[in-house]
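Reproduced below: upload-v4.cif, with mmCIF, C-alpha atoms (C1' of nucleotides).
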```cif
data_start
#
loop_
_atom_site.label_atom_id
_atom_site.label_comp_id
_atom_site.auth_asym_id
_atom_site.auth_seq_id
_atom_site.Cartn_x
_atom_site.Cartn_y
_atom_site.Cartn_z
CA MET A 203 -147.14 206.42 -66.68
CA THR A 204 -148.78 208.09 -69.54
CA ASP A 205 -148.90 211.02 -71.89
CA PRO A 206 -147.28 211.64 -75.27
CA GLY A 207 -148.49 213.38 -78.33
CA PRO A 208 -148.27 212.62 -81.98
CA ILE A 209 -146.52 210.77 -84.81
CA ALA A 210 -146.93 207.82 -87.14
CA ARG A 211 -148.95 207.43 -90.27
CA LYS A 212 -149.83 205.72 -93.41
CA GLN A 213 -148.47 207.15 -96.57
CA THR A 214 -151.13 208.68 -98.73
CA GLY A 215 -148.92 210.47 -101.13
CA SER A 216 -145.19 210.25 -100.77
CA LEU A 217 -142.81 211.23 -98.05
CA PRO A 218 -139.24 211.82 -99.06
CA PRO A 219 -136.78 210.27 -96.63
CA VAL A 220 -135.36 212.63 -94.06
CA GLU A 221 -132.77 214.60 -95.93
CA LYS A 222 -129.39 214.81 -94.33
CA SER A 223 -127.26 217.66 -95.41
CA PRO A 224 -123.52 217.10 -95.13
CA GLU A 225 -123.32 219.61 -92.26
CA GLU A 226 -125.86 217.68 -90.27
CA LYS A 227 -123.87 214.54 -90.72
CA THR A 228 -120.63 215.96 -89.54
CA SER A 229 -122.19 217.65 -86.53
CA GLY A 230 -123.58 214.27 -85.60
CA GLU A 231 -126.98 215.81 -85.18
CA GLY A 232 -128.50 213.97 -88.08
CA GLU A 233 -127.80 210.67 -86.46
CA LEU A 234 -129.79 211.57 -83.43
CA ARG A 235 -132.97 212.26 -85.32
CA PRO A 236 -133.97 208.60 -85.28
CA ALA A 237 -133.64 208.59 -81.51
CA MET A 238 -135.85 211.65 -81.24
CA GLU A 239 -138.54 210.18 -83.42
CA LEU A 240 -138.37 206.79 -81.78
CA LEU A 241 -138.77 208.35 -78.37
CA PHE A 242 -141.75 210.26 -79.55
CA PHE A 243 -143.55 207.33 -81.14
CA ALA A 244 -142.57 204.88 -78.45
CA TYR A 245 -143.80 207.06 -75.67
CA ARG A 246 -147.04 207.71 -77.43
CA ASP A 247 -147.75 204.08 -78.14
CA PHE A 248 -146.66 203.00 -74.70
CA THR A 249 -148.97 205.40 -72.92
CA GLY A 250 -151.69 204.78 -75.46
CA GLU A 251 -151.94 201.28 -74.04
CA ALA A 252 -153.42 202.62 -70.86
CA ASP A 253 -155.55 205.36 -72.34
CA ALA A 254 -158.38 203.17 -73.56
CA LEU A 255 -158.81 201.59 -70.15
CA LEU A 256 -158.66 204.94 -68.42
CA ALA A 257 -161.32 206.29 -70.72
CA ASP A 258 -163.70 203.62 -69.45
CA PHE A 259 -163.55 205.31 -66.09
CA GLY A 260 -163.68 208.80 -67.44
CA PHE A 261 -160.08 209.25 -66.42
CA GLY A 262 -157.14 210.71 -68.26
CA ARG A 263 -153.42 210.49 -67.99
CA ALA A 264 -153.27 212.77 -65.02
CA HIS A 265 -155.37 210.27 -63.09
CA HIS A 266 -153.11 207.48 -64.21
CA ARG A 267 -150.04 209.23 -62.95
CA VAL A 268 -151.58 209.83 -59.56
CA ILE A 269 -152.77 206.24 -59.27
CA TYR A 270 -149.42 204.94 -60.41
CA PHE A 271 -147.37 206.90 -57.92
CA ILE A 272 -149.62 206.34 -54.98
CA GLY A 273 -149.54 202.66 -55.87
CA ALA A 274 -145.76 202.73 -56.04
CA HIS A 275 -145.36 204.74 -52.85
CA PRO A 276 -148.29 204.02 -50.58
CA GLY A 277 -148.63 206.53 -47.80
CA MET A 278 -146.97 209.33 -49.68
CA SER A 279 -148.07 212.85 -48.87
CA VAL A 280 -149.68 215.36 -51.15
CA SER A 281 -146.60 217.53 -51.28
CA GLU A 282 -144.43 214.57 -52.21
CA LEU A 283 -146.80 213.75 -55.00
CA LEU A 284 -146.68 217.33 -56.18
CA LYS A 285 -142.92 217.24 -56.38
CA ILE A 286 -142.91 214.00 -58.30
CA LEU A 287 -145.49 215.12 -60.78
CA ARG A 288 -144.20 218.66 -61.04
CA ILE A 289 -147.61 220.15 -61.38
CA THR A 290 -149.31 222.79 -59.30
CA LYS A 291 -151.43 222.15 -56.28
CA GLN A 292 -154.45 223.26 -58.20
CA SER A 293 -153.86 220.82 -61.02
CA LEU A 294 -153.35 217.94 -58.65
CA SER A 295 -156.33 218.94 -56.61
CA ARG A 296 -158.75 218.52 -59.46
CA VAL A 297 -157.60 215.02 -60.23
CA LEU A 298 -156.98 213.86 -56.70
CA SER A 299 -160.33 215.06 -55.38
CA GLN A 300 -162.03 213.14 -58.14
CA LEU A 301 -160.12 209.98 -57.34
CA ILE A 302 -160.96 210.32 -53.67
CA GLU A 303 -164.62 211.05 -54.28
CA GLU A 304 -164.96 208.08 -56.56
CA GLY A 305 -163.28 205.78 -54.10
CA PHE A 306 -159.99 205.02 -55.83
CA VAL A 307 -157.79 206.85 -53.38
CA LEU A 308 -157.97 207.18 -49.64
CA GLN A 309 -156.54 209.89 -47.45
CA ARG A 310 -155.44 209.46 -43.87
CA THR A 311 -154.06 212.04 -41.55
CA ASP A 312 -150.54 211.22 -40.48
CA ALA A 313 -150.41 210.24 -36.83
CA ALA A 314 -147.13 211.99 -36.09
CA ASP A 315 -147.65 215.15 -38.11
CA ARG A 316 -151.32 215.85 -38.32
CA ARG A 317 -150.91 218.41 -41.09
CA ARG A 318 -149.98 215.67 -43.49
CA ARG A 319 -152.45 213.53 -45.40
CA ARG A 320 -151.07 210.21 -46.39
CA LEU A 321 -152.40 208.78 -49.62
CA TYR A 322 -153.27 205.17 -50.34
CA LEU A 323 -155.06 203.27 -53.04
CA THR A 324 -158.30 201.60 -52.04
CA ALA A 325 -158.97 198.07 -53.22
CA LYS A 326 -160.81 199.63 -56.13
CA GLY A 327 -157.89 201.90 -56.91
CA SER A 328 -155.40 199.13 -56.52
CA ASN A 329 -157.37 197.01 -58.90
CA LEU A 330 -157.34 199.69 -61.57
CA GLU A 331 -153.67 200.32 -61.00
CA ARG A 332 -152.95 196.65 -61.50
CA ARG A 333 -154.88 196.51 -64.73
CA LEU A 334 -153.13 199.57 -66.08
CA THR A 335 -149.69 198.37 -65.09
CA GLU A 336 -150.34 194.95 -66.52
CA ARG A 337 -151.20 196.40 -69.89
CA GLN A 338 -148.12 198.49 -70.04
CA SER A 339 -146.00 195.65 -68.75
CA ARG A 340 -147.17 193.43 -71.53
CA TRP A 341 -146.29 196.12 -74.01
CA ILE A 342 -142.79 196.48 -72.60
CA GLU A 343 -142.28 192.75 -72.41
CA ALA A 344 -143.15 192.43 -76.07
CA ALA A 345 -140.62 195.11 -76.94
CA TYR A 346 -137.98 193.35 -74.85
CA ARG A 347 -138.70 190.09 -76.59
CA GLU A 348 -138.43 191.65 -80.01
CA ALA A 349 -135.28 193.58 -79.28
CA GLY A 350 -133.68 190.72 -77.39
CA GLN A 351 -132.62 190.64 -73.77
CA ASP A 352 -129.20 191.98 -74.70
CA SER A 353 -130.82 195.26 -75.55
CA VAL A 354 -132.60 195.78 -72.27
CA GLN A 355 -129.71 197.04 -70.19
CA GLY A 356 -128.68 199.53 -72.82
CA PHE A 357 -132.23 200.71 -73.11
CA LEU A 358 -132.49 201.33 -69.37
CA ASP A 359 -129.07 202.93 -69.16
CA VAL A 360 -129.75 205.45 -71.87
CA LEU A 361 -133.14 206.30 -70.46
CA ARG A 362 -131.52 206.91 -67.13
CA GLY A 363 -129.03 209.20 -68.82
CA LEU A 364 -131.87 211.22 -70.26
CA ILE A 365 -133.18 212.03 -66.81
CA ASN A 366 -131.94 215.07 -64.98
CA GLU A 367 -129.57 214.47 -62.10
CA ASP A 368 -131.96 215.31 -59.33
CA ASP A 369 -134.67 212.94 -60.38
CA ARG A 370 -132.37 210.16 -61.39
CA LYS A 371 -131.78 208.89 -57.91
CA ARG A 372 -135.34 208.07 -57.22
CA VAL A 373 -136.10 206.11 -60.35
CA GLY A 374 -136.07 202.40 -60.87
CA ILE A 375 -133.11 200.17 -60.28
CA PRO A 376 -129.86 202.08 -59.58
CA ARG A 377 -128.10 200.05 -62.23
CA MET B 1454 -140.45 216.00 -80.65
CA THR B 1455 -141.98 216.94 -77.40
CA ASP B 1456 -144.61 216.26 -74.83
CA PRO B 1457 -144.66 214.14 -71.68
CA GLY B 1458 -146.22 214.53 -68.33
CA PRO B 1459 -145.04 214.00 -64.82
CA ILE B 1460 -142.54 212.44 -62.41
CA ALA B 1461 -139.44 213.17 -60.40
CA ARG B 1462 -138.95 214.94 -57.16
CA LYS B 1463 -137.04 215.86 -54.13
CA GLN B 1464 -137.79 213.99 -50.98
CA THR B 1465 -139.35 216.22 -48.35
CA GLY B 1466 -140.52 213.56 -46.01
CA SER B 1467 -139.84 209.97 -46.78
CA LEU B 1468 -140.75 207.78 -49.68
CA PRO B 1469 -140.59 204.08 -49.05
CA PRO B 1470 -138.97 202.21 -51.92
CA VAL B 1471 -141.40 200.72 -54.39
CA GLU B 1472 -142.69 197.64 -52.61
CA LYS B 1473 -142.57 194.46 -54.54
CA SER B 1474 -144.90 191.77 -53.41
CA PRO B 1475 -143.79 188.23 -54.16
CA GLU B 1476 -146.55 187.85 -56.73
CA GLU B 1477 -145.34 190.84 -58.64
CA LYS B 1478 -141.89 189.40 -58.76
CA THR B 1479 -142.94 186.05 -60.11
CA SER B 1480 -145.19 187.59 -62.74
CA GLY B 1481 -142.24 189.60 -63.87
CA GLU B 1482 -144.35 192.70 -63.75
CA GLY B 1483 -142.46 194.20 -60.87
CA GLU B 1484 -139.28 194.24 -62.90
CA LEU B 1485 -140.85 196.36 -65.55
CA ARG B 1486 -141.80 199.16 -63.21
CA PRO B 1487 -138.36 200.73 -63.50
CA ALA B 1488 -138.76 200.81 -67.25
CA MET B 1489 -142.14 202.47 -66.95
CA GLU B 1490 -140.86 205.14 -64.62
CA LEU B 1491 -137.70 205.72 -66.61
CA LEU B 1492 -139.70 206.20 -69.77
CA PHE B 1493 -141.90 208.67 -68.04
CA PHE B 1494 -139.09 210.77 -66.55
CA ALA B 1495 -136.86 210.49 -69.59
CA TYR B 1496 -139.54 211.62 -71.97
CA ARG B 1497 -140.48 214.51 -69.77
CA ASP B 1498 -136.95 215.74 -69.35
CA PHE B 1499 -136.13 215.21 -72.98
CA THR B 1500 -139.05 217.27 -74.20
CA GLY B 1501 -138.54 219.78 -71.45
CA GLU B 1502 -135.31 220.72 -73.18
CA ALA B 1503 -137.25 222.28 -76.01
CA ASP B 1504 -140.09 223.75 -74.03
CA ALA B 1505 -138.20 226.74 -72.71
CA LEU B 1506 -137.12 227.79 -76.18
CA LEU B 1507 -140.60 227.27 -77.57
CA ALA B 1508 -142.06 229.42 -74.83
CA ASP B 1509 -139.94 232.33 -76.07
CA PHE B 1510 -141.98 232.23 -79.25
CA GLY B 1511 -145.29 231.64 -77.54
CA PHE B 1512 -145.30 228.15 -78.94
CA GLY B 1513 -146.07 224.84 -77.32
CA ARG B 1514 -145.30 221.27 -78.06
CA ALA B 1515 -147.86 221.05 -80.78
CA HIS B 1516 -145.96 223.69 -82.69
CA HIS B 1517 -142.74 221.85 -82.14
CA ARG B 1518 -144.14 218.65 -83.56
CA VAL B 1519 -145.38 220.40 -86.65
CA ILE B 1520 -142.07 222.19 -87.17
CA TYR B 1521 -140.14 219.01 -86.59
CA PHE B 1522 -142.05 216.90 -89.06
CA ILE B 1523 -142.20 219.50 -91.78
CA GLY B 1524 -138.48 219.93 -91.29
CA ALA B 1525 -137.93 216.22 -91.56
CA HIS B 1526 -140.24 215.81 -94.53
CA PRO B 1527 -140.25 219.01 -96.53
CA GLY B 1528 -143.13 219.19 -98.94
CA MET B 1529 -145.38 216.90 -96.98
CA SER B 1530 -149.09 217.49 -97.27
CA VAL B 1531 -151.51 218.46 -94.56
CA SER B 1532 -153.15 215.06 -94.59
CA GLU B 1533 -149.82 213.33 -94.22
CA LEU B 1534 -149.03 215.51 -91.28
CA LEU B 1535 -152.40 214.71 -89.75
CA LYS B 1536 -151.73 211.01 -90.01
CA ILE B 1537 -148.30 211.32 -88.46
CA LEU B 1538 -149.48 213.45 -85.62
CA ARG B 1539 -152.71 211.56 -85.10
CA ILE B 1540 -154.65 214.63 -84.24
CA THR B 1541 -157.74 216.08 -85.81
CA LYS B 1542 -157.81 218.55 -88.63
CA GLN B 1543 -159.11 221.15 -86.28
CA SER B 1544 -156.29 220.70 -83.82
CA LEU B 1545 -153.67 220.89 -86.50
CA SER B 1546 -155.37 223.84 -88.12
CA ARG B 1547 -155.01 226.04 -85.08
CA VAL B 1548 -151.31 225.39 -84.78
CA LEU B 1549 -150.47 225.32 -88.45
CA SER B 1550 -152.32 228.54 -89.25
CA GLN B 1551 -150.39 230.25 -86.53
CA LEU B 1552 -147.08 228.98 -87.85
CA ILE B 1553 -147.98 230.11 -91.35
CA GLU B 1554 -149.18 233.52 -90.24
CA GLU B 1555 -146.04 234.11 -88.26
CA GLY B 1556 -143.85 233.05 -91.11
CA PHE B 1557 -142.38 229.80 -89.87
CA VAL B 1558 -144.15 227.58 -92.35
CA LEU B 1559 -144.94 228.07 -95.99
CA GLN B 1560 -147.66 226.45 -98.03
CA ARG B 1561 -147.48 225.77 -101.74
CA THR B 1562 -150.12 224.23 -103.90
CA ASP B 1563 -148.94 221.00 -105.44
CA ALA B 1564 -148.41 221.37 -109.17
CA ALA B 1565 -149.74 217.95 -110.08
CA ASP B 1566 -152.66 217.79 -107.68
CA ARG B 1567 -153.83 221.28 -106.98
CA ARG B 1568 -155.95 220.20 -104.03
CA ARG B 1569 -152.83 219.48 -102.06
CA ARG B 1570 -150.85 222.03 -100.12
CA ARG B 1571 -147.27 221.10 -99.65
CA LEU B 1572 -145.66 222.33 -96.48
CA TYR B 1573 -142.18 223.73 -96.05
CA LEU B 1574 -140.25 225.53 -93.39
CA THR B 1575 -139.25 229.08 -94.17
CA ALA B 1576 -135.74 230.20 -93.27
CA LYS B 1577 -137.19 231.46 -90.04
CA GLY B 1578 -138.89 228.15 -89.36
CA SER B 1579 -135.83 226.20 -90.32
CA ASN B 1580 -133.79 228.25 -87.97
CA LEU B 1581 -136.07 227.52 -85.05
CA GLU B 1582 -136.19 223.87 -85.98
CA ARG B 1583 -132.44 223.73 -85.93
CA ARG B 1584 -132.21 225.32 -82.55
CA LEU B 1585 -134.78 222.96 -81.09
CA THR B 1586 -133.21 219.89 -82.60
CA GLU B 1587 -129.77 220.97 -81.46
CA ARG B 1588 -130.91 221.24 -77.89
CA GLN B 1589 -132.47 217.86 -77.89
CA SER B 1590 -129.51 216.39 -79.73
CA ARG B 1591 -127.20 217.63 -77.05
CA TRP B 1592 -129.40 216.05 -74.44
CA ILE B 1593 -129.38 212.71 -76.20
CA GLU B 1594 -125.66 212.87 -76.82
CA ALA B 1595 -125.05 213.41 -73.15
CA ALA B 1596 -127.18 210.39 -72.32
CA TYR B 1597 -125.29 208.30 -74.87
CA ARG B 1598 -122.00 209.38 -73.39
CA GLU B 1599 -123.08 208.50 -69.89
CA ALA B 1600 -124.56 205.17 -70.79
CA GLY B 1601 -121.75 204.28 -73.12
CA GLN B 1602 -121.92 203.59 -76.83
CA ASP B 1603 -122.62 199.94 -76.20
CA SER B 1604 -125.98 200.88 -74.83
CA VAL B 1605 -127.15 202.87 -77.81
CA GLN B 1606 -128.18 200.04 -80.08
CA GLY B 1607 -130.17 198.35 -77.34
CA PHE B 1608 -131.85 201.61 -76.54
CA LEU B 1609 -132.92 202.13 -80.13
CA ASP B 1610 -133.98 198.53 -80.59
CA VAL B 1611 -136.25 198.50 -77.57
CA LEU B 1612 -137.77 201.84 -78.47
CA ARG B 1613 -138.51 200.48 -81.89
CA GLY B 1614 -140.18 197.49 -80.28
CA LEU B 1615 -142.43 199.80 -78.32
CA ILE B 1616 -143.83 201.28 -81.49
CA ASN B 1617 -146.83 199.74 -83.15
CA GLU B 1618 -146.21 197.78 -86.32
CA ASP B 1619 -147.74 200.26 -88.71
CA ASP B 1620 -145.72 203.21 -87.57
CA ARG B 1621 -142.51 201.34 -87.12
CA LYS B 1622 -141.60 201.30 -90.77
CA ARG B 1623 -141.41 205.01 -91.10
CA VAL B 1624 -139.24 205.77 -88.12
CA GLY B 1625 -135.55 206.28 -87.94
CA ILE B 1626 -132.99 203.82 -89.13
CA PRO B 1627 -134.48 200.47 -90.20
CA ARG B 1628 -131.90 198.65 -88.09
"C1'" DA C 748 -146.05 234.18 -29.81
"C1'" DA C 749 -144.28 234.31 -34.43
"C1'" DT C 750 -143.11 231.76 -38.28
"C1'" DT C 751 -143.16 227.95 -41.32
"C1'" DT C 752 -145.18 224.00 -43.37
"C1'" DA C 753 -149.02 221.12 -45.35
"C1'" DA C 754 -153.09 221.15 -47.39
"C1'" DG C 755 -156.93 223.07 -49.61
"C1'" DT C 756 -159.63 226.51 -52.21
"C1'" DC C 757 -161.12 230.42 -55.33
"C1'" DA C 758 -161.14 232.88 -59.61
"C1'" DG C 759 -159.36 233.42 -63.96
"C1'" DT C 760 -156.62 231.89 -68.01
"C1'" DG C 761 -154.19 229.13 -71.71
"C1'" DT C 762 -152.90 225.11 -74.65
"C1'" DT C 763 -154.00 221.18 -76.79
"C1'" DA C 764 -157.08 218.22 -77.90
"C1'" DT C 765 -161.95 216.52 -79.18
"C1'" DT C 766 -166.60 216.08 -82.27
"C1'" DG C 767 -169.75 217.05 -85.90
"C1'" DA C 768 -171.25 219.77 -89.51
"C1'" DC C 769 -170.36 222.06 -93.51
"C1'" DA C 770 -167.97 224.50 -97.63
"C1'" DT C 771 -164.88 224.68 -101.53
"C1'" DA C 772 -161.85 223.20 -104.99
"C1'" DT C 773 -160.02 219.61 -107.49
"C1'" DA C 774 -159.40 214.96 -109.24
"C1'" DT C 775 -161.10 210.58 -110.82
"C1'" DG C 776 -164.18 206.87 -112.40
"C1'" DC C 777 -167.67 205.82 -115.39
"C1'" DG D 98 -169.66 215.44 -118.46
"C1'" DC D 99 -171.56 214.04 -114.17
"C1'" DA D 100 -171.22 211.77 -109.85
"C1'" DT D 101 -168.27 210.75 -106.40
"C1'" DA D 102 -164.24 210.92 -103.72
"C1'" DT D 103 -160.37 213.46 -101.89
"C1'" DA D 104 -157.77 217.43 -99.78
"C1'" DT D 105 -158.23 221.28 -97.34
"C1'" DG D 106 -160.30 224.56 -94.47
"C1'" DT D 107 -163.70 226.46 -91.32
"C1'" DC D 108 -167.39 226.96 -87.67
"C1'" DA D 109 -169.18 226.18 -83.04
"C1'" DA D 110 -169.07 223.84 -78.91
"C1'" DT D 111 -166.66 221.08 -75.49
"C1'" DA D 112 -163.15 218.88 -72.50
"C1'" DA D 113 -158.75 217.59 -70.10
"C1'" DC D 114 -154.94 219.32 -68.17
"C1'" DA D 115 -152.14 222.68 -67.02
"C1'" DC D 116 -150.98 227.50 -65.15
"C1'" DT D 117 -150.88 231.91 -61.72
"C1'" DG D 118 -151.76 234.42 -57.64
"C1'" DA D 119 -154.15 235.11 -53.60
"C1'" DC D 120 -155.95 233.43 -49.57
"C1'" DT D 121 -157.48 230.22 -45.57
"C1'" DT D 122 -157.01 226.74 -42.07
"C1'" DA D 123 -154.58 223.75 -39.15
"C1'" DA D 124 -150.65 222.12 -37.11
"C1'" DA D 125 -145.78 222.04 -36.17
"C1'" DT D 126 -141.49 224.44 -35.19
"C1'" DT D 127 -138.51 227.96 -33.46
#
```

Please rewrite the model in this file as structure tokens.
Amino acid sequence: MTDPGPIARKQTGSLPPVEKSPEEKTSGEGELRPAMELLFFAYRDFTGEADALLADFGFGRAHHRVIYFIGAHPGMSVSELLKILRITKQSLSRVLSQLIEEGFVLQRTDAADRRRRRLYLTAKGSNLERRLTERQSRWIEAAYREAGQDSVQGFLDVLRGLINEDDRKRVGIPR
Amino acid sequence: MTDPGPIARKQTGSLPPVEKSPEEKTSGEGELRPAMELLFFAYRDFTGEADALLADFGFGRAHHRVIYFIGAHPGMSVSELLKILRITKQSLSRVLSQLIEEGFVLQRTDAADRRRRRLYLTAKGSNLERRLTERQSRWIEAAYREAGQDSVQGFLDVLRGLINEDDRKRVGIPR
DNA sequence: AATTTAAGTCAGTGTTATTGACATATATGC
DNA sequence: GCATATATGTCAATAACACTGACTTAAATT
């Protein structure tokens, strides 16, 4: 679970506050800017938690995503992984081959349908997955503590609302 | 405000539900997995909203971020932008030069300190910014509607908690 | 037997990011 | 006024992660 981009800084000169023209206010759009920025920063910092650890292994976020999903769904096939990640076969191939070569992921031909290769984490892979997930869990727990438990359900509900219909069903706790 | 990575799919074969070992449960870590996945999917879908429009201009997420922040902080300097985005001068340079060349961003030497170049959106840039922000606003509004207004404050509070201390002060509504 | 599915591979390309070195103009401290 | 620091910009080289399109192999399905 990794990957954002930019944001956040220390003021060197001066930054005027975000100007809100009257039109913005009435359209309601201005009020959503905080949400947009928060999402951006939050996602970046959240994923940043894992990045340092991944770098120790010469891995990037793509590796993390593969490890995470195989860990969450042991025995999943390559095509299932492709659909979850929404990347091309070629892109997955690069990362997955590396993980297999280096002994983090293991492939086994499905007994029933021998075209399929089921994917599993090795002990080594599982260990890395655990370390990565622990880091990010700690980060989330801290945010929950700060915001208060009352905020958690709202947080999850809005996130769920941000996800497109199709993907929504296979994420997290239904409600 | 753009940029995530992976997740979400359509089941072709079968995906066992995320297994939770007893240890995971007691550590509390297992309960945070939904949050991790939701963040991942939500961020991807949220930013995906803007990607299609950006592609029409041959722009990527990096361009969006620059446009967004200059729009939010007109007159900001290059170094301020660098600190917000947390990228290198070189990385920004590529994107910013392009935006300037193509007339989306305008640079003006600061009157007081002539080393500084203050950045502004042109009408053209402002127009694109508006269209991008509108799209994402609509997406967020829909999520708010679905989750219910009661959820919004919790959503914002937890996101804020996910952001590192330093950056927190300059994001969105203080509380 | 023909078609479809699952997986893998090849070659080429693009975007976004990195580092380190260096240049220029300007401002500031002494 | 000179030395230093700051703000910006540029060069060259590199890397991670993604894409497309074409093609192969093996196995399952119809």

Inset, instruction - Would you translate the PyMOL selection byres ((chain C) within 12 of (chain A)) into the concrete set of residues it matches in this file, as number ranges by chain? - result: C: 752-758, 763-764

Inset, instruction - List the residues matched by the PyMOL selection byres ((chain D) within 9 of (chain B)) in the displayed structure as a list in words, ordered by chain and then by residue number. - result: DT103, DA104, DT105, DG106 and DT107 of chain D

Name the residues captured by the PyMOL selection byres ((chain B and resi 1504) around 9) when it is applied to the shown file; answer as a PDB file with C-alpha atoms, in the frame of the given file.
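Output file result-v3.pdb is given in full below:
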```
ATOM      1  CA  THR B1455    -141.980 216.940 -77.400  1.00  0.00           C
ATOM      2  CA  ASP B1456    -144.610 216.260 -74.830  1.00  0.00           C
ATOM      3  CA  THR B1500    -139.050 217.270 -74.200  1.00  0.00           C
ATOM      4  CA  GLY B1501    -138.540 219.780 -71.450  1.00  0.00           C
ATOM      5  CA  GLU B1502    -135.310 220.720 -73.180  1.00  0.00           C
ATOM      6  CA  ALA B1503    -137.250 222.280 -76.010  1.00  0.00           C
ATOM      7  CA  ALA B1505    -138.200 226.740 -72.710  1.00  0.00           C
ATOM      8  CA  LEU B1506    -137.120 227.790 -76.180  1.00  0.00           C
ATOM      9  CA  LEU B1507    -140.600 227.270 -77.570  1.00  0.00           C
ATOM     10  CA  ALA B1508    -142.060 229.420 -74.830  1.00  0.00           C
ATOM     11  CA  ASP B1509    -139.940 232.330 -76.070  1.00  0.00           C
ATOM     12  CA  PHE B1512    -145.300 228.150 -78.940  1.00  0.00           C
ATOM     13  CA  GLY B1513    -146.070 224.840 -77.320  1.00  0.00           C
ATOM     14  CA  ARG B1514    -145.300 221.270 -78.060  1.00  0.00           C
ATOM     15  CA  HIS B1517    -142.740 221.850 -82.140  1.00  0.00           C
ATOM     16  CA  LEU B1585    -134.780 222.960 -81.090  1.00  0.00           C
TER      17      LEU B1585
END
```

Distance query DC116 in chain D at most 8 Å, all atoms listed in the file, self and fewer than 5 positions along chain excluded, as an mmCIF file with C-alpha atoms (C1' of nucleotides), in the frame of the given file:
```cif
data_model
loop_
_atom_site.group_PDB
_atom_site.id
_atom_site.type_symbol
_atom_site.label_atom_id
_atom_site.label_comp_id
_atom_site.auth_asym_id
_atom_site.auth_seq_id
_atom_site.Cartn_x
_atom_site.Cartn_y
_atom_site.Cartn_z
ATOM 1 C CA THR A 290 -149.310 222.790 -59.300
ATOM 2 C "C1'" DT C 760 -156.620 231.890 -68.010
ATOM 3 C "C1'" DG C 761 -154.190 229.130 -71.710
#
```

Inset, instruction - Please indicate the distance in Å from C1' of DA109 in chain D to C1' of DC769 in chain C, rounded to one decimal place. - result: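 Spanning C1' of DA109 in chain D to C1' of DC769 in chain C is a straight-line distance of 11.3 Å.
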
Legend entry - Non-local contacts of Leu364 in chain A (12 Å; all atoms listed in the file; under 6 positions in same chain excluded) as a ChimeraX atom specification: /A:237-238,241,357-358,370,373 /B:1491-1502,1589-1600,1608

With C-alpha atoms retained, could you export that selection as an mmCIF file, keeping the file's coordinate frame?
```cif
data_model
loop_
_atom_site.group_PDB
_atom_site.id
_atom_site.type_symbol
_atom_site.label_atom_id
_atom_site.label_comp_id
_atom_site.auth_asym_id
_atom_site.auth_seq_id
_atom_site.Cartn_x
_atom_site.Cartn_y
_atom_site.Cartn_z
ATOM 1 C CA ALA A 237 -133.640 208.590 -81.510
ATOM 2 C CA MET A 238 -135.850 211.650 -81.240
ATOM 3 C CA LEU A 241 -138.770 208.350 -78.370
ATOM 4 C CA PHE A 357 -132.230 200.710 -73.110
ATOM 5 C CA LEU A 358 -132.490 201.330 -69.370
ATOM 6 C CA ARG A 370 -132.370 210.160 -61.390
ATOM 7 C CA VAL A 373 -136.100 206.110 -60.350
ATOM 8 C CA LEU B 1491 -137.700 205.720 -66.610
ATOM 9 C CA LEU B 1492 -139.700 206.200 -69.770
ATOM 10 C CA PHE B 1493 -141.900 208.670 -68.040
ATOM 11 C CA PHE B 1494 -139.090 210.770 -66.550
ATOM 12 C CA ALA B 1495 -136.860 210.490 -69.590
ATOM 13 C CA TYR B 1496 -139.540 211.620 -71.970
ATOM 14 C CA ARG B 1497 -140.480 214.510 -69.770
ATOM 15 C CA ASP B 1498 -136.950 215.740 -69.350
ATOM 16 C CA PHE B 1499 -136.130 215.210 -72.980
ATOM 17 C CA THR B 1500 -139.050 217.270 -74.200
ATOM 18 C CA GLY B 1501 -138.540 219.780 -71.450
ATOM 19 C CA GLU B 1502 -135.310 220.720 -73.180
ATOM 20 C CA GLN B 1589 -132.470 217.860 -77.890
ATOM 21 C CA SER B 1590 -129.510 216.390 -79.730
ATOM 22 C CA ARG B 1591 -127.200 217.630 -77.050
ATOM 23 C CA TRP B 1592 -129.400 216.050 -74.440
ATOM 24 C CA ILE B 1593 -129.380 212.710 -76.200
ATOM 25 C CA GLU B 1594 -125.660 212.870 -76.820
ATOM 26 C CA ALA B 1595 -125.050 213.410 -73.150
ATOM 27 C CA ALA B 1596 -127.180 210.390 -72.320
ATOM 28 C CA TYR B 1597 -125.290 208.300 -74.870
ATOM 29 C CA ARG B 1598 -122.000 209.380 -73.390
ATOM 30 C CA GLU B 1599 -123.080 208.500 -69.890
ATOM 31 C CA ALA B 1600 -124.560 205.170 -70.790
ATOM 32 C CA PHE B 1608 -131.850 201.610 -76.540
#
```

Any chance you could work out the axis-aligned box around range 769-774 of chain C, listed atoms only, 8 Å on each side, giving centre and edge lengths in Å to one decimal, as AutoDock Vina command-line options?
```
--center_x -164.9 --center_y 219.8 --center_z -101.4 --size_x 27.0 --size_y 25.7 --size_z 31.7
```

Inset, instruction - Give me, please, the distance in Å between CA of Val307 in chain A and C1' of DA115 in chain D, quoted to one decimal. - result: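 Spanning CA of Val307 in chain A to C1' of DA115 in chain D is a straight-line distance of 21.6 Å.
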
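Going from C1' of DC108 in chain D to CA of Gly1578 in chain B covers 28.6 Å.
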